Every structure is written in C-alpha cells, then in structure tokens.
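Enquirer: This is upload-v5.csv, which holds CSV, C-alpha atoms and all ligand atoms:
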```csv
chain,number,residue,atom,x,y,z
A,387,MET,CA,-59.1,166.6,-95.3
A,388,ARG,CA,-56.1,167.6,-93.2
A,389,ILE,CA,-57.1,167.0,-89.6
A,390,GLY,CA,-55.0,168.3,-86.7
A,391,VAL,CA,-55.2,166.3,-83.4
A,392,LEU,CA,-53.9,167.5,-80.0
A,393,THR,CA,-53.9,166.3,-76.4
A,394,SER,CA,-54.2,169.0,-73.8
A,395,GLY,CA,-54.2,169.3,-70.0
A,396,GLY,CA,-53.1,166.6,-67.6
A,397,ASP,CA,-52.5,163.3,-69.3
A,398,CYS,CA,-54.7,160.3,-68.9
A,399,PRO,CA,-54.6,156.6,-69.9
A,400,GLY,CA,-56.4,156.2,-73.2
A,401,LEU,CA,-55.1,159.4,-75.0
A,402,ASN,CA,-52.9,157.3,-77.3
A,403,ALA,CA,-55.8,155.0,-78.0
A,404,VAL,CA,-57.9,158.0,-79.2
A,405,ILE,CA,-55.0,159.2,-81.5
A,406,ARG,CA,-54.7,155.7,-82.9
A,407,SER,CA,-58.4,155.5,-83.6
A,408,VAL,CA,-58.4,158.9,-85.3
A,409,VAL,CA,-55.6,157.9,-87.6
A,410,HIS,CA,-57.2,154.5,-88.4
A,411,ARG,CA,-60.6,156.0,-89.2
A,412,GLY,CA,-59.3,159.1,-90.8
A,413,THR,CA,-56.7,157.7,-93.1
A,414,ASP,CA,-58.1,154.3,-93.9
A,415,VAL,CA,-61.8,155.2,-94.4
A,416,HIS,CA,-61.8,158.9,-95.4
A,417,GLY,CA,-58.3,159.3,-96.9
A,418,ASP,CA,-57.5,162.1,-94.4
A,419,GLU,CA,-54.1,163.3,-93.5
A,420,ILE,CA,-53.7,163.4,-89.7
A,421,ILE,CA,-51.4,166.1,-88.3
A,422,GLY,CA,-50.3,165.7,-84.7
A,423,ILE,CA,-49.9,168.9,-82.8
A,424,GLU,CA,-47.3,168.8,-80.1
A,425,ASP,CA,-47.9,169.7,-76.5
A,426,GLY,CA,-51.5,170.7,-76.8
A,427,PHE,CA,-52.5,174.3,-77.4
A,428,LEU,CA,-48.9,175.3,-76.9
A,429,GLY,CA,-47.9,173.5,-80.1
A,430,LEU,CA,-50.9,175.0,-81.9
A,431,ILE,CA,-49.9,178.5,-80.9
A,432,GLU,CA,-46.2,177.9,-81.7
A,433,GLY,CA,-46.9,176.0,-84.9
A,434,ARG,CA,-45.3,172.7,-83.8
A,435,SER,CA,-46.7,169.7,-85.6
A,436,ARG,CA,-45.8,166.5,-87.5
A,437,PRO,CA,-47.8,164.1,-89.6
A,438,VAL,CA,-49.0,161.0,-87.8
A,439,SER,CA,-49.2,157.9,-90.1
A,440,HIS,CA,-50.7,154.4,-89.6
A,441,ASP,CA,-47.2,153.2,-88.7
A,442,ASP,CA,-46.8,155.8,-86.1
A,443,VAL,CA,-49.7,154.5,-84.1
A,444,THR,CA,-48.8,150.8,-84.1
A,445,GLY,CA,-48.8,149.6,-80.5
A,446,LEU,CA,-50.5,152.7,-79.1
A,447,LEU,CA,-53.7,151.0,-77.9
A,448,THR,CA,-52.0,149.8,-74.8
A,449,LEU,CA,-49.6,152.6,-74.2
A,450,GLY,CA,-50.3,155.2,-71.4
A,451,GLY,CA,-49.6,158.9,-71.7
A,452,THR,CA,-49.6,160.7,-75.1
A,453,ILE,CA,-47.1,160.5,-78.0
A,454,LEU,CA,-48.0,164.1,-78.8
A,455,GLY,CA,-47.2,165.5,-75.4
A,456,SER,CA,-49.5,167.6,-73.4
A,457,ALA,CA,-49.3,170.9,-71.5
A,458,ARG,CA,-51.5,173.1,-69.4
A,459,VAL,CA,-51.6,176.6,-71.0
A,460,GLN,CA,-52.6,179.8,-69.3
A,461,ARG,CA,-56.1,181.0,-70.2
A,462,GLU,CA,-54.8,184.5,-71.3
A,463,ARG,CA,-52.5,182.8,-73.8
A,464,ILE,CA,-55.4,180.9,-75.3
A,465,ASN,CA,-57.5,184.1,-75.4
A,466,GLN,CA,-54.8,185.9,-77.3
A,467,ALA,CA,-54.4,183.0,-79.8
A,468,VAL,CA,-58.1,182.8,-80.5
A,469,ASP,CA,-57.9,186.1,-82.3
A,470,ASN,CA,-55.5,184.5,-84.8
A,471,ALA,CA,-57.4,181.2,-85.1
A,472,GLU,CA,-57.6,181.2,-88.9
A,473,GLU,CA,-54.0,182.2,-89.3
A,474,LEU,CA,-52.9,179.4,-86.9
A,475,ALA,CA,-54.9,176.8,-88.9
A,476,ARG,CA,-53.4,178.1,-92.2
A,477,ASN,CA,-49.8,177.9,-90.8
A,478,LEU,CA,-50.4,174.3,-89.7
A,479,GLY,CA,-52.2,173.5,-93.0
A,480,ILE,CA,-55.2,172.0,-91.2
A,481,ASP,CA,-58.9,172.1,-92.2
A,482,ALA,CA,-60.2,171.0,-88.8
A,483,LEU,CA,-58.9,170.1,-85.3
A,484,ILE,CA,-59.7,167.3,-82.9
A,485,ALA,CA,-58.9,168.5,-79.4
A,486,ILE,CA,-58.7,165.9,-76.7
A,487,GLY,CA,-58.8,167.3,-73.2
A,488,GLY,CA,-60.7,168.3,-70.1
A,489,GLU,CA,-63.0,171.2,-69.3
A,490,GLY,CA,-60.4,173.8,-70.1
A,491,THR,CA,-59.6,172.2,-73.4
A,492,LEU,CA,-63.2,172.0,-74.3
A,493,THR,CA,-63.7,175.6,-73.5
A,494,ALA,CA,-60.8,176.5,-75.7
A,495,ALA,CA,-62.1,174.3,-78.4
A,496,ARG,CA,-65.4,176.2,-78.4
A,497,MET,CA,-63.6,179.5,-78.6
A,498,PHE,CA,-61.4,178.4,-81.5
A,499,SER,CA,-64.4,177.0,-83.3
A,500,ASP,CA,-66.3,180.2,-82.9
A,501,ALA,CA,-63.3,182.1,-84.2
A,502,GLY,CA,-63.0,180.1,-87.5
A,503,LEU,CA,-60.8,177.1,-86.6
A,504,PRO,CA,-63.3,174.2,-86.8
A,505,VAL,CA,-62.9,172.0,-83.7
A,506,VAL,CA,-64.4,168.8,-82.5
A,507,GLY,CA,-63.8,167.9,-78.8
A,508,VAL,CA,-63.0,164.6,-77.1
A,509,PRO,CA,-63.4,164.7,-73.3
A,510,LYS,CA,-60.8,163.1,-71.1
A,511,THR,CA,-60.0,163.1,-67.4
A,512,ILE,CA,-59.4,160.5,-64.8
A,513,ASP,CA,-61.5,162.5,-62.4
A,514,ASN,CA,-64.7,161.7,-64.4
A,515,ASP,CA,-66.1,165.2,-63.6
A,516,ILE,CA,-66.9,166.4,-67.1
A,517,ALA,CA,-70.6,167.2,-67.4
A,518,ALA,CA,-72.7,165.8,-70.2
A,519,THR,CA,-70.8,162.6,-70.6
A,520,ASP,CA,-71.6,159.6,-68.4
A,521,VAL,CA,-68.0,158.7,-68.1
A,522,THR,CA,-64.6,159.7,-69.4
A,523,PHE,CA,-61.8,157.3,-70.4
A,524,GLY,CA,-59.0,157.1,-67.9
A,525,PHE,CA,-61.4,156.9,-65.0
A,526,ASP,CA,-61.7,153.2,-65.0
A,527,THR,CA,-57.9,152.8,-65.1
A,528,ALA,CA,-57.4,155.2,-62.2
A,529,VAL,CA,-60.1,153.4,-60.2
A,530,HIS,CA,-58.2,150.1,-60.8
A,531,VAL,CA,-54.9,151.5,-59.7
A,532,ALA,CA,-56.5,153.0,-56.5
A,533,THR,CA,-58.4,149.9,-55.7
A,534,GLU,CA,-55.4,147.7,-56.0
A,535,ALA,CA,-53.4,150.1,-53.8
A,536,ILE,CA,-56.0,150.0,-51.1
A,537,ASP,CA,-56.2,146.2,-51.2
A,538,ARG,CA,-52.5,146.1,-50.7
A,539,LEU,CA,-52.5,148.6,-47.8
A,540,LYS,CA,-54.9,146.4,-45.8
A,541,THR,CA,-52.3,143.6,-45.1
A,542,THR,CA,-49.6,146.0,-44.0
A,543,ALA,CA,-52.1,148.1,-41.9
A,544,GLU,CA,-53.3,145.0,-40.1
A,545,SER,CA,-49.8,143.7,-39.4
A,546,HIS,CA,-49.0,147.0,-37.6
A,547,GLN,CA,-52.5,147.8,-36.3
A,548,ARG,CA,-52.4,151.1,-38.0
A,549,VAL,CA,-54.7,153.6,-39.6
A,550,MET,CA,-53.9,154.2,-43.2
A,551,VAL,CA,-55.1,157.4,-44.9
A,552,VAL,CA,-55.0,157.0,-48.7
A,553,GLU,CA,-55.2,160.3,-50.6
A,554,LEU,CA,-56.7,159.8,-54.1
A,555,MET,CA,-56.9,162.3,-57.0
A,556,GLY,CA,-60.0,164.4,-57.5
A,557,ARG,CA,-59.6,168.1,-56.9
A,558,HIS,CA,-63.2,168.9,-57.1
A,559,THR,CA,-65.1,165.6,-57.1
A,560,GLY,CA,-65.0,162.3,-55.4
A,561,TRP,CA,-65.7,159.9,-58.2
A,562,ILE,CA,-62.3,158.0,-57.9
A,563,THR,CA,-62.4,158.0,-54.1
A,564,LEU,CA,-66.0,156.8,-53.8
A,565,THR,CA,-65.6,154.1,-56.5
A,566,ALA,CA,-62.2,152.7,-55.4
A,567,GLY,CA,-63.2,153.1,-51.8
A,568,MET,CA,-66.3,151.0,-52.3
A,569,ALA,CA,-64.5,148.5,-54.5
A,570,ALA,CA,-61.7,147.9,-51.9
A,571,GLY,CA,-64.0,148.2,-48.9
A,572,ALA,CA,-62.4,151.2,-47.3
A,573,HIS,CA,-63.8,151.9,-43.8
A,574,GLY,CA,-64.1,155.6,-44.3
A,575,ILE,CA,-64.6,157.5,-47.6
A,576,LEU,CA,-64.2,161.3,-47.6
A,577,ILE,CA,-65.2,163.2,-50.7
A,578,PRO,CA,-65.5,166.9,-51.6
A,579,GLU,CA,-69.2,166.6,-52.1
A,580,LYS,CA,-69.8,165.8,-48.4
A,581,PRO,CA,-67.7,167.9,-46.0
A,582,PHE,CA,-66.5,165.6,-43.2
A,583,ASP,CA,-66.3,165.9,-39.4
A,584,ILE,CA,-62.9,164.6,-38.2
A,585,GLU,CA,-64.4,163.7,-34.8
A,586,ALA,CA,-66.9,161.4,-36.6
A,587,VAL,CA,-64.0,159.8,-38.5
A,588,ALA,CA,-62.1,159.2,-35.2
A,589,ARG,CA,-65.2,157.8,-33.6
A,590,MET,CA,-65.7,155.3,-36.4
A,591,ILE,CA,-62.1,154.1,-36.1
A,592,GLU,CA,-62.3,153.8,-32.3
A,593,GLU,CA,-65.5,151.7,-32.7
A,594,ARG,CA,-63.8,149.4,-35.2
A,595,PHE,CA,-60.9,148.8,-32.8
A,596,ARG,CA,-63.3,148.3,-29.9
A,597,ARG,CA,-65.0,145.5,-32.0
A,598,GLY,CA,-61.6,143.8,-32.2
A,599,LYS,CA,-60.6,145.0,-35.7
A,600,LYS,CA,-57.0,145.7,-36.0
A,601,PHE,CA,-56.7,148.4,-38.6
A,602,ALA,CA,-58.7,151.0,-40.5
A,603,ILE,CA,-58.4,152.4,-44.0
A,604,ILE,CA,-59.6,155.9,-44.9
A,605,ALA,CA,-59.8,156.9,-48.5
A,606,VAL,CA,-59.8,160.6,-48.9
A,607,ALA,CA,-60.1,162.7,-52.1
A,608,GLU,CA,-57.5,165.4,-52.5
A,609,GLY,CA,-60.3,167.9,-52.6
A,610,ALA,CA,-62.2,166.7,-49.5
A,611,LYS,CA,-62.7,169.3,-46.8
A,612,PRO,CA,-63.8,169.4,-43.2
A,613,ALA,CA,-67.4,170.6,-42.5
A,614,PRO,CA,-67.6,174.2,-41.2
A,615,GLY,CA,-67.4,174.3,-37.5
A,616,THR,CA,-65.5,171.0,-37.3
A,617,LEU,CA,-62.4,172.5,-38.6
A,618,ARG,CA,-59.3,171.2,-36.9
A,619,PHE,CA,-57.1,172.1,-39.9
A,620,ASP,CA,-55.5,175.4,-40.8
A,621,HIS,CA,-57.7,177.3,-43.2
A,622,GLY,CA,-57.2,176.1,-46.7
A,623,GLU,CA,-56.4,178.2,-49.8
A,624,VAL,CA,-58.7,179.3,-52.6
A,625,ASP,CA,-57.7,177.8,-55.9
A,626,GLN,CA,-58.0,179.3,-59.4
A,627,TYR,CA,-61.6,178.1,-59.6
A,628,GLY,CA,-62.6,179.7,-56.4
A,629,HIS,CA,-62.8,176.4,-54.5
A,630,GLN,CA,-61.3,176.2,-51.0
A,631,THR,CA,-58.6,173.6,-51.0
A,632,PHE,CA,-56.8,171.9,-48.1
A,633,GLY,CA,-53.6,171.0,-50.0
A,634,GLY,CA,-52.0,167.8,-48.5
A,635,ILE,CA,-55.1,166.7,-46.9
A,636,GLY,CA,-53.9,163.0,-46.6
A,637,ASN,CA,-50.9,164.2,-44.5
A,638,ARG,CA,-52.9,166.5,-42.4
A,639,LEU,CA,-55.6,164.0,-41.7
A,640,ALA,CA,-53.2,161.2,-40.8
A,641,GLY,CA,-51.5,163.6,-38.3
A,642,GLU,CA,-54.7,164.7,-36.8
A,643,LEU,CA,-56.1,161.2,-36.4
A,644,GLU,CA,-52.9,160.0,-34.8
A,645,GLY,CA,-53.2,162.8,-32.2
A,646,LEU,CA,-56.9,162.1,-31.6
A,647,LEU,CA,-56.7,158.3,-31.4
A,648,GLY,CA,-53.3,157.7,-29.9
A,649,LYS,CA,-52.7,155.1,-32.6
A,650,GLU,CA,-50.2,155.1,-35.5
A,651,ALA,CA,-51.6,156.6,-38.7
A,652,ARG,CA,-49.8,156.7,-42.0
A,653,PRO,CA,-50.6,158.8,-45.0
A,654,VAL,CA,-50.2,157.3,-48.5
A,655,ILE,CA,-50.5,159.8,-51.4
A,656,LEU,CA,-51.1,157.8,-54.6
A,657,GLY,CA,-50.8,160.9,-56.8
A,658,HIS,CA,-49.8,160.5,-60.4
A,659,THR,CA,-49.6,156.7,-60.3
A,660,GLN,CA,-53.3,156.9,-60.9
A,661,ARG,CA,-52.7,158.6,-64.3
A,662,GLY,CA,-49.8,156.5,-65.5
A,663,GLY,CA,-49.5,153.2,-67.3
A,664,SER,CA,-51.6,151.1,-69.6
A,665,PRO,CA,-55.3,151.8,-69.9
A,666,THR,CA,-57.8,149.1,-68.8
A,667,ALA,CA,-59.9,147.3,-71.5
A,668,ILE,CA,-62.9,149.5,-70.7
A,669,ASP,CA,-60.8,152.7,-71.3
A,670,ARG,CA,-59.2,151.4,-74.5
A,671,VAL,CA,-62.6,150.7,-75.9
A,672,LEU,CA,-64.2,154.0,-74.9
A,673,ALA,CA,-61.1,155.9,-76.2
A,674,THR,CA,-61.3,154.1,-79.5
A,675,ARG,CA,-65.0,154.8,-79.9
A,676,PHE,CA,-64.5,158.5,-79.1
A,677,GLY,CA,-61.8,158.7,-81.8
A,678,TRP,CA,-64.0,157.0,-84.4
A,679,HIS,CA,-66.9,159.4,-83.6
A,680,ALA,CA,-64.7,162.4,-83.5
A,681,VAL,CA,-63.5,161.8,-87.1
A,682,GLU,CA,-67.1,161.2,-88.2
A,683,ALA,CA,-68.1,164.5,-86.5
A,684,VAL,CA,-65.4,166.3,-88.5
A,685,HIS,CA,-66.8,164.9,-91.7
A,686,LYS,CA,-70.3,165.8,-90.8
A,687,GLY,CA,-69.2,169.3,-89.9
A,688,ALA,CA,-70.4,169.0,-86.3
A,689,PHE,CA,-67.9,171.6,-85.1
A,690,GLY,CA,-68.2,173.0,-81.6
A,691,HIS,CA,-69.5,169.6,-80.5
A,692,PHE,CA,-67.8,166.9,-78.4
A,693,THR,CA,-68.1,163.1,-78.2
A,694,ALA,CA,-70.1,162.0,-75.1
A,695,LEU,CA,-71.1,158.6,-73.7
A,696,ARG,CA,-74.8,158.6,-73.0
A,697,GLY,CA,-75.9,155.2,-71.7
A,698,THR,CA,-74.3,152.8,-74.2
A,699,GLU,CA,-74.3,155.3,-77.1
A,700,ILE,CA,-71.8,157.9,-78.2
A,701,GLN,CA,-73.5,161.1,-79.0
A,702,LEU,CA,-72.3,164.5,-80.2
A,703,ILE,CA,-73.1,167.2,-77.7
A,704,PRO,CA,-72.5,171.0,-77.9
A,705,VAL,CA,-69.4,171.8,-76.1
A,706,SER,CA,-71.3,174.4,-74.1
A,707,GLU,CA,-73.0,171.6,-72.2
A,708,ALA,CA,-69.6,170.1,-71.1
A,709,VAL,CA,-68.4,173.4,-69.8
A,710,ALA,CA,-71.6,174.4,-68.0
A,711,GLY,CA,-70.3,173.0,-64.7
A,712,LEU,CA,-68.5,170.1,-63.0
A,713,LYS,CA,-70.3,166.7,-62.7
A,714,THR,CA,-70.2,166.1,-59.0
A,715,VAL,CA,-71.1,162.8,-57.2
A,716,PRO,CA,-74.9,163.2,-56.5
A,717,GLN,CA,-76.1,162.5,-53.0
A,718,ASP,CA,-78.1,159.5,-54.0
A,719,ARG,CA,-74.9,157.9,-55.1
A,720,TRP,CA,-72.8,158.5,-52.0
A,721,VAL,CA,-75.5,157.6,-49.6
A,722,GLU,CA,-75.3,154.1,-51.0
A,723,SER,CA,-72.1,153.6,-49.1
A,724,GLU,CA,-72.1,153.5,-45.3
A,725,ALA,CA,-68.4,154.3,-45.4
A,726,VAL,CA,-69.0,157.8,-46.7
A,727,LEU,CA,-68.6,160.0,-43.6
B,801,LIG,O1,-57.4,166.6,-63.6
B,801,LIG,C1,-56.8,165.4,-63.3
B,801,LIG,C2,-55.9,165.5,-62.1
B,801,LIG,O2,-55.3,164.3,-62.1
B,801,LIG,C3,-56.4,165.9,-60.7
B,801,LIG,O3,-57.1,164.9,-60.0
B,801,LIG,C4,-55.2,166.4,-60.0
B,801,LIG,O4,-55.5,167.2,-59.0
B,801,LIG,C5,-54.5,167.1,-61.1
B,801,LIG,O5,-54.9,166.5,-62.3
B,801,LIG,C6,-53.0,167.1,-61.0
B,801,LIG,O6,-52.5,167.8,-62.0
B,801,LIG,P1,-50.9,168.0,-62.3
B,801,LIG,O7,-50.5,166.9,-63.1
B,801,LIG,O8,-50.9,169.3,-63.1
B,801,LIG,O9,-50.2,168.1,-61.0
```
Turn this file's structure into structure tokens for me.
Ligand code: F6P
Expert:
Amino acid sequence: MRIGVLTSGGDCPGLNAVIRSVVHRGTDVHGDEIIGIEDGFLGLIEGRSRPVSHDDVTGLLTLGGTILGSARVQRERINQAVDNAEELARNLGIDALIAIGGEGTLTAARMFSDAGLPVVGVPKTIDNDIAATDVTFGFDTAVHVATEAIDRLKTTAESHQRVMVVELMGRHTGWITLTAGMAAGAHGILIPEKPFDIEAVARMIEERFRRGKKFAIIAVAEGAKPAPGTLRFDHGEVDQYGHQTFGGIGNRLAGELEGLLGKEARPVILGHTQRGGSPTAIDRVLATRFGWHAVEAVHKGAFGHFTALRGTEIQLIPVSEAVAGLKTVPQDRWVESEAVL
C-alpha cells in the first residue's frame, strides 16, 4: 500500500519516533511505500509530499520536532478540503493516511475518513488532555523539562529570598503543572481545573516565610484562572474554544504577589522549551508503539480509529471518543497534593 503520514498542530517530542516506526513496520513487514506529507493538512491540501525511506528515518528516534514539518490549519480550510478528499488522495497517490496530531487533527481525520480518504489517527500533545487515551507521548518529556526547571529555580530563589512564579504549558488542563509541581515539590500549584484565590496563595507564602523558609515556588498552568469573586486581575479574554483565558498569567501573578506580600517575586515562563528537544525513553517507546499499531490498523482497515494507551495495552478506539471532550485532571487526583491551592 501507499500510506501517507502527516504531523499536524503544535509539535511534540516523539513525532519523529512515530514516523520512524511507521516506516519500519510499513516498509519492512508489509512492503508499503510511505509518503511523508509536509506541514500537516496544509501539505495535504496543497499536494506537497515526498517518499520517506528507511534511510530517511535513521537517527530519528532521539530527535525532537518533526522532519515533516507541522502547521495549525484553520478549521474552514479543512472543511473545504474535506469535500475533495478523494481527489486529494488521488493527487498524492496514497491509499490511506496516518494523521498524527491533537484533538483538531483527530477531528479532521474523522471528517476525511468519512469523506473517502481512509485515515488512522495517532494522538499527540504534551498537554496530555486528549480523551480516551491514558497518556500521550510528549507529556513525559514536558514534565521532565518542567521538573528540572523548578528544581533549578529553588537555589536561586533561596539565595535571593524570592517568590518564583513558574508558568507551565496547559491551556485547558493542568496535567503538566500538577505532575511537575508535585515532582519538584512546588509550594503552590495552580491549575485550570481548580480556580484559585490569590489571597490564599499569598497567605500560604506568608506562612512559609513566618516558619523561617526563605523562598517559595508557585507552579501555574497557563490556563489557570482566579475563582470568581477573588478576581484581582483584569478580565481575561474568551479563546476560540469559548474558554476564558488570562493570557500571561505568570507575569500577572508575580506582579500581584509582589504587591500583596511586599517581597520580590519573579515570573519564569517556560513556554516552548517544554516542547523542544529529545524525547524521554518513555515517550520514545510510546511513540514507537503507536506507529507500529497505526500501520497494523491501516492493514486491518480500522479507519476512523486512533491508537490509544489503555493501561499497558495499545487499543484502537473510534476517533469520536477522542474528540468528545478534553481530559481534565479529576478532583481525586489534584486533592492528593496539598500544594494545589
Ligand atoms: O497544545 C500544546 C501547547 O503546547 C499548549 O500547551 C500551548 O498553549 C500551545 O500548544 C502553544 O501553541 P503555539 O506553539 O501555537 O504557540
């Protein structure tokens, strides 16, 4: 078969490991030809592709990013392209497509599948918020980067008796912040799932200093928000998903805390460092397993499905389950940390 593969949406450590795995399983075992589509659905729409051989994937297991490039494409552009799904497949000369991406990509995958371009999905996001899979590759790497950063901030915070506010990725969910915050022993953890009271954050820090501690670390998810009625921030904005956002929350929080506490506070925005660089061993293995199962799914004709980790097994799940809603951090998880405020 001629199988197209594309990576779409924000990049994520482990994408290259999936591509490598698809090429190995497809070419070595099934005799497939793998066609790499450039820049996600943009390349699909514009007919930009190149064959990807065994040689092309040498060394990819450890390499971050994606050799195929990635792009976020407007929903309207995808909707228009879906009407020409069969023609796009014909132009690229592909019999099936493996689409690696987040919720938007998986939604598009289902639409193309329904319209006659057979697609198998592979979920990816560092945010770990895709429903129906226990975990996504990229998450473990992001947590490692964030944990190491918080560890490092402790010594400089203590030297200067400062409050450090570390803003971590997670527009809608607090998986990275909760996990890295717990791993590094952050003193306050603020996640979108539990709106916070800034006065309570300030009280916790004051109490720490009263007990003779010389610094405090607050890990805040970029999507965290103040509880209604405790709002000391300007009103946020509503994003394309209808969620209220408080862009730049790390900066705002550090400024507010400095005013409330009369102590120096510094914001640290980790941003895209959490998405860059080589994947951890756990992410390499998960990405490799997803690639293997995606090729098998194509050969079984399990189109409109995606690979999901359930417990220790990889299962094929209808894409509709992945796009049914975000996987937020459940309360029984975040109550396990006293630092979640
Ligand atoms: O979806 C992953 C994610 O890393 C979010 O946590 C973050 O808000 C967003 O991507 C950043 O996207 P971009 O690279 O388009 O700025």
Enquirer: Atom CA of A:Pro504 and atom CA of A:Pro665 are how many Å apart?
Expert: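 Those two atoms sit 29.2 Å apart.
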Enquirer: Could you list, with a cut-off of 8 Å and counting all atoms listed in the file, the residues of chain A near ligand LIG 801 (chain B), each shown with its nearest atom pair and the distance in Å rounded to one decimal, rows sorted by chain and ascending number, as CSV?
Expert:
```
residue,atom,partner,partner_atom,distance
A:Gly395,CA,B:LIG801,O1,7.6
A:Gly396,CA,B:LIG801,O7,5.2
A:Asp397,CA,B:LIG801,O7,7.4
A:Cys398,CA,B:LIG801,C1,7.9
A:Arg458,CA,B:LIG801,O8,7.4
A:Gly488,CA,B:LIG801,O1,7.5
A:Thr511,CA,B:LIG801,C1,5.7
A:Ile512,CA,B:LIG801,C1,5.7
A:Asp513,CA,B:LIG801,O3,5.6
A:Leu554,CA,B:LIG801,O3,7.8
A:Met555,CA,B:LIG801,O3,4.0
A:Gly556,CA,B:LIG801,O3,3.9
A:Arg557,CA,B:LIG801,O4,4.7
A:His558,CA,B:LIG801,O3,7.8
A:Glu608,CA,B:LIG801,O4,7.0
A:Gly657,CA,B:LIG801,C4,7.7
A:His658,CA,B:LIG801,O2,6.9
A:Gln660,CA,B:LIG801,O2,7.8
A:Arg661,CA,B:LIG801,O2,6.6
```
Enquirer: Can you tell me which residues surround A:His679 at a distance of at most 8 Å, considering all atoms listed in the file, apart from same-chain residues fewer than 3 positions away, and format the answer as a ChimeraX atom specification?
Expert: /A:675-676,682-683,693,700
Enquirer: Write out as a ChimeraX atom specification each polymer residue whose atoms come within 6 Å of A:Leu392, counting all atoms listed in the file; drop sequence neighbours fewer than 4 positions from it.
Expert: /A:423,426,485
Enquirer: Would you mind listing what lies within 8 Å of A:Ala482 as a list of chain:residue names, with all atoms listed in the file counted and same-chain residues fewer than 3 positions away left out?
Expert: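 Residues meeting the cut-off are A:Met387, A:Arg388, A:Ile389, A:Gly390, A:Ala475, A:Leu503, A:Pro504, A:Val505, A:Val506, A:Val684.
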Enquirer: Mind listing whatever residues come within 10 Å of the point (-66.9, 167.2, -51.8)? Use all atoms listed in the file, file coordinates, and give them as a PDB file with C-alpha atoms, in the frame of the given file.
Expert:
```
ATOM      1  CA  GLY A 556     -60.000 164.400 -57.500  1.00  0.00           C
ATOM      2  CA  ARG A 557     -59.600 168.100 -56.900  1.00  0.00           C
ATOM      3  CA  HIS A 558     -63.200 168.900 -57.100  1.00  0.00           C
ATOM      4  CA  THR A 559     -65.100 165.600 -57.100  1.00  0.00           C
ATOM      5  CA  GLY A 560     -65.000 162.300 -55.400  1.00  0.00           C
ATOM      6  CA  TRP A 561     -65.700 159.900 -58.200  1.00  0.00           C
ATOM      7  CA  LEU A 576     -64.200 161.300 -47.600  1.00  0.00           C
ATOM      8  CA  ILE A 577     -65.200 163.200 -50.700  1.00  0.00           C
ATOM      9  CA  PRO A 578     -65.500 166.900 -51.600  1.00  0.00           C
ATOM     10  CA  GLU A 579     -69.200 166.600 -52.100  1.00  0.00           C
ATOM     11  CA  LYS A 580     -69.800 165.800 -48.400  1.00  0.00           C
ATOM     12  CA  PRO A 581     -67.700 167.900 -46.000  1.00  0.00           C
ATOM     13  CA  PHE A 582     -66.500 165.600 -43.200  1.00  0.00           C
ATOM     14  CA  ALA A 607     -60.100 162.700 -52.100  1.00  0.00           C
ATOM     15  CA  GLU A 608     -57.500 165.400 -52.500  1.00  0.00           C
ATOM     16  CA  GLY A 609     -60.300 167.900 -52.600  1.00  0.00           C
ATOM     17  CA  ALA A 610     -62.200 166.700 -49.500  1.00  0.00           C
ATOM     18  CA  LYS A 611     -62.700 169.300 -46.800  1.00  0.00           C
ATOM     19  CA  PRO A 612     -63.800 169.400 -43.200  1.00  0.00           C
ATOM     20  CA  ALA A 613     -67.400 170.600 -42.500  1.00  0.00           C
ATOM     21  CA  THR A 714     -70.200 166.100 -59.000  1.00  0.00           C
ATOM     22  CA  VAL A 715     -71.100 162.800 -57.200  1.00  0.00           C
TER      23      VAL A 715
END
```
Enquirer: So which residues touch A:Val468 within 7 Å, counting only C-alpha atoms, skipping near sequence neighbours fewer than 5 positions away, as a PyMOL selection string?
Expert: chain A and resi 497-498+501
Enquirer: Pull stretch 441-473 of chain A out of the block and emit C-alpha atoms, as a short mmCIF file (atom, residue, chain, number, x, y, z; two decimals), in the first residue's frame.
Expert:
```
data_model
loop_
_atom_site.label_atom_id
_atom_site.label_comp_id
_atom_site.auth_asym_id
_atom_site.auth_seq_id
_atom_site.Cartn_x
_atom_site.Cartn_y
_atom_site.Cartn_z
CA ASP A 441 17.42 5.69 5.30
CA ASP A 442 15.44 8.89 5.86
CA VAL A 443 14.44 7.80 9.36
CA THR A 444 17.89 6.81 10.61
CA GLY A 445 18.58 8.65 13.87
CA LEU A 446 15.00 9.88 14.24
CA LEU A 447 14.20 8.02 17.46
CA THR A 448 16.01 10.57 19.58
CA LEU A 449 15.27 13.67 17.54
CA GLY A 450 12.66 16.20 18.76
CA GLY A 451 10.32 18.09 16.41
CA THR A 452 9.11 16.57 13.14
CA ILE A 453 11.05 16.08 9.91
CA LEU A 454 7.78 16.54 8.01
CA GLY A 455 7.02 19.95 9.47
CA SER A 456 3.75 20.85 11.14
CA ALA A 457 1.20 23.62 10.94
CA ARG A 458 -2.05 24.69 12.51
CA VAL A 459 -4.68 25.00 9.75
CA GLN A 460 -7.91 26.99 10.01
CA ARG A 461 -10.99 24.82 10.52
CA GLU A 462 -12.71 26.41 7.44
CA ARG A 463 -9.81 25.40 5.21
CA ILE A 464 -10.11 21.79 6.41
CA ASN A 465 -13.88 21.83 5.90
CA GLN A 466 -13.42 22.97 2.29
CA ALA A 467 -10.72 20.34 1.65
CA VAL A 468 -12.87 17.51 3.01
CA ASP A 469 -15.24 17.89 0.03
CA ASN A 470 -12.28 16.98 -2.25
CA ALA A 471 -10.91 14.21 -0.01
CA GLU A 472 -10.82 11.51 -2.69
CA GLU A 473 -9.21 13.84 -5.23
#
```
